[in-house]
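File shown here: model_12.cif, holding mmCIF, C-alpha atoms and all ligand atoms.
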```cif
data_final
#
loop_
_atom_site.group_PDB
_atom_site.id
_atom_site.type_symbol
_atom_site.label_atom_id
_atom_site.label_comp_id
_atom_site.auth_asym_id
_atom_site.auth_seq_id
_atom_site.Cartn_x
_atom_site.Cartn_y
_atom_site.Cartn_z
ATOM 1 C CA MET H 1 0.000 0.000 0.000
ATOM 2 C CA LEU H 2 1.010 3.586 -0.532
ATOM 3 C CA THR H 3 0.578 6.097 2.290
ATOM 4 C CA LEU H 4 0.738 9.751 1.241
ATOM 5 C CA LYS H 5 0.796 12.556 3.797
ATOM 6 C CA GLY H 6 0.002 16.026 2.510
ATOM 7 C CA ARG H 7 -0.385 19.276 4.425
ATOM 8 C CA THR H 8 -3.520 18.138 6.234
ATOM 9 C CA VAL H 9 -4.766 15.047 4.407
ATOM 10 C CA VAL H 10 -3.343 11.541 4.777
ATOM 11 C CA ARG H 11 -4.488 8.733 2.509
ATOM 12 C CA THR H 12 -3.471 5.131 2.032
ATOM 13 C CA VAL H 13 -4.154 3.791 -1.448
ATOM 14 C CA GLU H 14 -3.198 0.899 -3.698
ATOM 15 C CA GLU H 15 0.192 1.807 -5.158
ATOM 16 C CA LYS H 16 0.394 2.120 -8.949
ATOM 17 C CA PRO H 17 3.687 1.075 -10.526
ATOM 18 C CA GLY H 18 4.646 3.512 -13.281
ATOM 19 C CA ALA H 19 2.960 6.519 -11.677
ATOM 20 C CA THR H 20 4.660 9.299 -9.726
ATOM 21 C CA LEU H 21 3.963 9.946 -6.066
ATOM 22 C CA LEU H 22 2.508 13.334 -6.997
ATOM 23 C CA GLU H 23 0.102 11.812 -9.534
ATOM 24 C CA GLN H 24 -1.076 9.312 -6.978
ATOM 25 C CA ALA H 25 -1.387 11.944 -4.244
ATOM 26 C CA LEU H 26 -3.530 14.198 -6.428
ATOM 27 C CA ALA H 27 -5.674 11.277 -7.585
ATOM 28 C CA ALA H 28 -6.269 10.374 -3.931
ATOM 29 C CA GLY H 29 -7.263 13.916 -2.952
ATOM 30 C CA VAL H 30 -4.177 14.548 -0.839
ATOM 31 C CA ASP H 31 -3.226 18.234 -0.485
ATOM 32 C CA TRP H 32 0.314 17.752 -1.753
ATOM 33 C CA LEU H 33 1.998 20.983 -2.785
ATOM 34 C CA PHE H 34 3.435 21.276 -6.277
ATOM 35 C CA ASN H 35 3.972 23.854 -8.925
ATOM 36 C CA CYS H 36 6.029 22.934 -11.977
ATOM 37 C CA SER H 37 5.550 19.125 -12.217
ATOM 38 C CA ARG H 38 8.885 19.104 -14.068
ATOM 39 C CA GLY H 39 11.402 18.699 -11.285
ATOM 40 C CA THR H 40 12.531 22.305 -10.961
ATOM 41 C CA CYS H 41 10.536 24.047 -8.200
ATOM 42 C CA ALA H 42 10.928 21.392 -5.450
ATOM 43 C CA ARG H 43 7.543 22.353 -4.042
ATOM 44 C CA CYS H 44 6.602 18.656 -4.205
ATOM 45 C CA ARG H 45 9.643 17.566 -2.198
ATOM 46 C CA CYS H 46 8.937 14.689 0.157
ATOM 47 C CA LEU H 47 10.606 12.448 2.673
ATOM 48 C CA ILE H 48 10.307 8.738 1.993
ATOM 49 C CA GLN H 49 9.668 7.098 5.355
ATOM 50 C CA GLU H 50 9.269 3.562 4.062
ATOM 51 C CA GLY H 51 9.816 1.689 0.809
ATOM 52 C CA ALA H 52 12.462 3.862 -0.861
ATOM 53 C CA ASP H 53 13.766 0.759 -2.637
ATOM 54 C CA LEU H 54 10.368 0.314 -4.312
ATOM 55 C CA LEU H 55 10.830 3.565 -6.238
ATOM 56 C CA GLU H 56 12.717 4.096 -9.484
ATOM 57 C CA GLU H 57 16.169 5.651 -9.193
ATOM 58 C CA PRO H 58 16.273 9.465 -8.822
ATOM 59 C CA THR H 59 15.977 11.354 -12.093
ATOM 60 C CA ASP H 60 18.515 13.867 -13.410
ATOM 61 C CA ALA H 61 16.169 16.625 -12.214
ATOM 62 C CA GLU H 62 16.326 15.246 -8.680
ATOM 63 C CA TRP H 63 20.114 15.098 -8.754
ATOM 64 C CA ASP H 64 20.150 18.718 -9.929
ATOM 65 C CA ARG H 65 17.525 20.048 -7.536
ATOM 66 C CA LEU H 66 18.119 17.983 -4.396
ATOM 67 C CA GLY H 67 21.681 16.811 -4.740
ATOM 68 C CA PRO H 68 23.331 13.837 -3.045
ATOM 69 C CA ASP H 69 22.870 15.047 0.546
ATOM 70 C CA GLU H 70 19.106 15.297 0.426
ATOM 71 C CA LEU H 71 18.776 12.144 -1.662
ATOM 72 C CA ASP H 72 20.859 10.346 0.970
ATOM 73 C CA GLN H 73 18.567 11.614 3.695
ATOM 74 C CA GLY H 74 15.606 10.088 1.870
ATOM 75 C CA TYR H 75 14.159 13.105 0.137
ATOM 76 C CA ARG H 76 12.641 12.810 -3.334
ATOM 77 C CA LEU H 77 10.637 15.025 -5.649
ATOM 78 C CA GLY H 78 7.057 13.810 -5.743
ATOM 79 C CA CYS H 79 6.652 14.714 -9.400
ATOM 80 C CA GLN H 80 9.721 12.661 -10.321
ATOM 81 C CA ALA H 81 9.637 9.662 -8.009
ATOM 82 C CA VAL H 82 7.931 6.793 -9.824
ATOM 83 C CA VAL H 83 6.767 3.616 -8.103
ATOM 84 C CA ARG H 84 8.790 0.732 -9.538
ATOM 85 C CA ARG H 85 7.176 -2.244 -7.882
ATOM 86 C CA PRO H 86 4.403 -2.996 -5.440
ATOM 87 C CA GLY H 87 4.928 -2.938 -1.685
ATOM 88 C CA ASP H 88 4.540 -0.678 1.313
ATOM 89 C CA ILE H 89 5.622 2.898 0.661
ATOM 90 C CA SER H 90 5.121 5.899 2.896
ATOM 91 C CA ALA H 91 5.919 9.489 1.909
ATOM 92 C CA VAL H 92 5.309 12.857 3.542
ATOM 93 C CA ASN H 93 5.281 16.138 1.621
ATOM 94 C CA ARG H 94 8.060 18.271 3.132
ATOM 95 C CA THR H 95 8.456 21.401 1.143
ATOM 96 C CA TYR H 96 11.068 24.061 1.968
ATOM 97 C CA PHE H 97 8.571 26.804 2.603
HETATM 98 S S1 LIG H 101 6.308 20.069 -8.785
HETATM 99 FE FE1 LIG H 101 8.081 21.278 -9.150
HETATM 100 S S2 LIG H 101 9.693 19.923 -8.670
HETATM 101 FE FE2 LIG H 101 7.937 18.688 -8.481
#
```
Starting from the file, give its structure as structure tokens.
Amino acid sequence: MLTLKGRTVVRTVEEKPGATLLEQALAAGVDWLFNCSRGTCARCRCLIQEGADLLEEPTDAEWDRLGPDELDQGYRLGCQAVVRRPGDISAVNRTYF
């Protein structure tokens, strides 16, 4: 299952391989902040609390925007992080501002 924590709404849904965390958050009605959807604004930044290994590798945009330190700490961009395979994943939207 996929648990998505937005600003005030938390939902647990069936995870969809091939879809981004942001797409799944919006489809589930979670108030997940975002702006560009292209990996540049970082408004959709999130901390992966469980299941990081079930996501595709970080995209070039994530390397550029977050860098190795934040990626190491478990941060991803919701609009870039794609579910790779089924399992338990938990992510909380943690924007900078
Ligand atoms: S929405 Fe801008 S980086 Fe994801």
Exercise for review: Just the residues within 6 Å of Gly6 of chain H, please, counting all atoms listed in the file, with nothing from its chain fewer than 2 positions along; format it as JSON, numbers by chain.
Suggested key: {"H": [8, 9, 30, 31, 32, 93]}
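The neighbours of Lys16 of chain H here are the residues that come within 9 Å of it, using only C-alpha atoms and leaving out any residue fewer than 6 positions away in the same chain; they are Leu2, Gln24, Val82, Val83, Arg84, Arg85 and Pro86 of chain H.
Excluding Leu22 of chain H itself and any same-chain residue fewer than 4 positions from it, the protein and nucleic acid residues within 8 Å of it, counting all atoms listed in the file, are Leu26, Trp32, Cys44, Gly78, Cys79 and Gln80 of chain H.
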Any chance you can output those residues with C-alpha atoms as a PDB file, in the coordinates of the input?
```pdb
ATOM      1  CA  LEU H  26      -3.530  14.198  -6.428  1.00  0.00           C
ATOM      2  CA  TRP H  32       0.314  17.752  -1.753  1.00  0.00           C
ATOM      3  CA  CYS H  44       6.602  18.656  -4.205  1.00  0.00           C
ATOM      4  CA  GLY H  78       7.057  13.810  -5.743  1.00  0.00           C
ATOM      5  CA  CYS H  79       6.652  14.714  -9.400  1.00  0.00           C
ATOM      6  CA  GLN H  80       9.721  12.661 -10.321  1.00  0.00           C
TER       7      GLN H  80
END
```
Please, which residues in segment 18-39 of chain H fall within 9 Å of segment 51-65 of chain H when counting all atoms listed in the file, and what is the closest atom pair and distance in Å to one decimal for each, ordered by chain then residue number, as a Markdown table?
```
| residue | atom | partner | partner_atom | distance |
| --- | --- | --- | --- | --- |
| H:Gly18 | CA | H:Glu56 | CA | 8.9 |
| H:Arg38 | CA | H:Ala61 | CA | 7.9 |
| H:Gly39 | CA | H:Ala61 | CA | 5.3 |
```
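We find atom CA of Pro68 of chain H and atom CA of Val10 of chain H to be spaced 27.9 Å apart.
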Point to revise | Ground truth for the PyMOL selection byres (((chain H and resi 49) around 9) and not hetatm), written as a PyMOL selection string | key: chain H and resi 47-48+50-52+74+89-92
Check your understanding: What does the distance from atom CA of Lys5 of chain H to atom CA of Leu66 of chain H come to in Å, to one decimal?
Key ->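 Computing it gives 19.9 Å between the two atoms.
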Check your understanding: So what do you get for atom CA of Cys41 of chain H versus atom CA of Ala19 of chain H, distance-wise?
Key ->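 Between atom CA of Cys41 of chain H and atom CA of Ala19 of chain H the gap works out to 19.4 Å.
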Point to revise | Residue nearest Tyr75 of chain H - candidates H:Thr95, H:Thr40, H:Thr20, H:Asn35, atoms counted: all atoms listed in the file | key: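 Checking each candidate against Tyr75 of chain H, we get H:Thr95 as the closest.
Take the candidates H:Asp88, H:Ser37, H:Asp72, H:Ala42 and check each one against Thr12 of chain H using only C-alpha atoms; the shortest distance goes to H:Asp88.
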Hey, can I get the axis-aligned box for ligand LIG 101 (chain H)? All listed atoms, 4 Å padding on each side, centre and edge lengths in Å to one decimal, as lines of an AutoDock Vina configuration file.
```
center_x = 8.0
center_y = 20.0
center_z = -8.8
size_x = 11.4
size_y = 10.6
size_z = 8.7
```
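Between ligand LIG 101 (chain H) and the candidates H:Tyr96, H:Asp69, H:Phe34, H:Cys46, the tightest atom-to-atom separation, counting all atoms listed in the file, involves H:Phe34.
If you measure from each of H:Leu71, H:Cys36, H:Ala81, H:Leu4 to Pro17 of chain H using only C-alpha atoms, the closest one turns out to be H:Ala81.
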Check your understanding: From the list H:Leu77, H:Ala25, H:Thr3, H:Val13, which residue is nearest ligand LIG 101 (chain H) when using all atoms listed in the file?
Key ->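 Of H:Leu77, H:Ala25, H:Thr3, H:Val13, the one nearest ligand LIG 101 (chain H), counting all atoms listed in the file, is H:Leu77.
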Generate all heavy atoms for segment 13-24 of chain H and emit them as a compact mmCIF listing (two decimals), in the frame of the given file.
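Just written: part06.txt:
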```
# COMPACT_ATOMS: atom_id res chain seq x y z
N VAL H 13 -3.52 4.29 -0.22
CA VAL H 13 -4.15 3.79 -1.45
C VAL H 13 -3.34 2.62 -2.00
O VAL H 13 -2.22 2.36 -1.56
CB VAL H 13 -4.24 4.90 -2.53
CG1 VAL H 13 -5.11 6.05 -2.04
CG2 VAL H 13 -2.86 5.42 -2.90
N GLU H 14 -3.91 1.96 -2.98
CA GLU H 14 -3.20 0.90 -3.70
C GLU H 14 -2.12 1.57 -4.55
O GLU H 14 -2.43 2.47 -5.33
CB GLU H 14 -4.21 0.19 -4.60
CG GLU H 14 -3.71 -1.07 -5.23
CD GLU H 14 -3.85 -2.27 -4.30
OE1 GLU H 14 -4.77 -2.29 -3.46
OE2 GLU H 14 -3.00 -3.17 -4.42
N GLU H 15 -0.87 1.16 -4.39
CA GLU H 15 0.19 1.81 -5.16
C GLU H 15 0.12 1.41 -6.63
O GLU H 15 -0.27 0.29 -6.94
CB GLU H 15 1.57 1.45 -4.57
CG GLU H 15 1.98 0.00 -4.70
CD GLU H 15 1.31 -0.89 -3.67
OE1 GLU H 15 0.50 -0.41 -2.88
OE2 GLU H 15 1.60 -2.10 -3.70
N LYS H 16 0.47 2.36 -7.50
CA LYS H 16 0.39 2.12 -8.95
C LYS H 16 1.78 2.18 -9.56
O LYS H 16 2.31 3.27 -9.78
CB LYS H 16 -0.45 3.20 -9.62
CG LYS H 16 -1.93 3.09 -9.39
CD LYS H 16 -2.65 3.84 -10.53
CE LYS H 16 -4.14 3.92 -10.28
NZ LYS H 16 -4.53 5.05 -9.44
N PRO H 17 2.39 1.04 -9.87
CA PRO H 17 3.69 1.08 -10.53
C PRO H 17 3.60 1.87 -11.83
O PRO H 17 2.62 1.77 -12.57
CB PRO H 17 3.98 -0.41 -10.79
CG PRO H 17 3.24 -1.13 -9.71
CD PRO H 17 1.98 -0.33 -9.52
N GLY H 18 4.61 2.70 -12.07
CA GLY H 18 4.65 3.51 -13.28
C GLY H 18 4.13 4.92 -13.08
O GLY H 18 4.31 5.77 -13.94
N ALA H 19 3.49 5.18 -11.95
CA ALA H 19 2.96 6.52 -11.68
C ALA H 19 3.83 7.21 -10.64
O ALA H 19 4.44 6.57 -9.78
CB ALA H 19 1.52 6.43 -11.19
N THR H 20 3.87 8.55 -10.71
CA THR H 20 4.66 9.30 -9.73
C THR H 20 3.88 9.40 -8.41
O THR H 20 2.65 9.24 -8.38
CB THR H 20 4.97 10.73 -10.22
OG1 THR H 20 3.74 11.47 -10.29
CG2 THR H 20 5.67 10.72 -11.56
N LEU H 21 4.62 9.74 -7.36
CA LEU H 21 3.96 9.95 -6.07
C LEU H 21 3.00 11.12 -6.15
O LEU H 21 1.91 11.08 -5.58
CB LEU H 21 5.01 10.20 -4.98
CG LEU H 21 5.96 9.03 -4.70
CD1 LEU H 21 6.94 9.42 -3.60
CD2 LEU H 21 5.20 7.76 -4.31
N LEU H 22 3.39 12.17 -6.87
CA LEU H 22 2.51 13.33 -7.00
C LEU H 22 1.21 12.96 -7.72
O LEU H 22 0.12 13.34 -7.27
CB LEU H 22 3.22 14.46 -7.75
CG LEU H 22 2.37 15.71 -8.01
CD1 LEU H 22 1.94 16.37 -6.70
CD2 LEU H 22 3.13 16.71 -8.89
N GLU H 23 1.31 12.22 -8.80
CA GLU H 23 0.10 11.81 -9.53
C GLU H 23 -0.84 11.03 -8.62
O GLU H 23 -2.05 11.23 -8.64
CB GLU H 23 0.49 10.94 -10.74
CG GLU H 23 1.13 11.71 -11.87
CD GLU H 23 1.82 10.82 -12.90
OE1 GLU H 23 2.03 9.61 -12.66
OE2 GLU H 23 2.18 11.35 -13.96
N GLN H 24 -0.24 10.15 -7.84
CA GLN H 24 -1.08 9.31 -6.98
C GLN H 24 -1.65 10.12 -5.81
O GLN H 24 -2.77 9.87 -5.37
CB GLN H 24 -0.26 8.11 -6.50
CG GLN H 24 0.06 7.20 -7.69
CD GLN H 24 1.00 6.06 -7.35
OE1 GLN H 24 0.56 5.02 -6.93
NE2 GLN H 24 2.29 6.29 -7.52
```
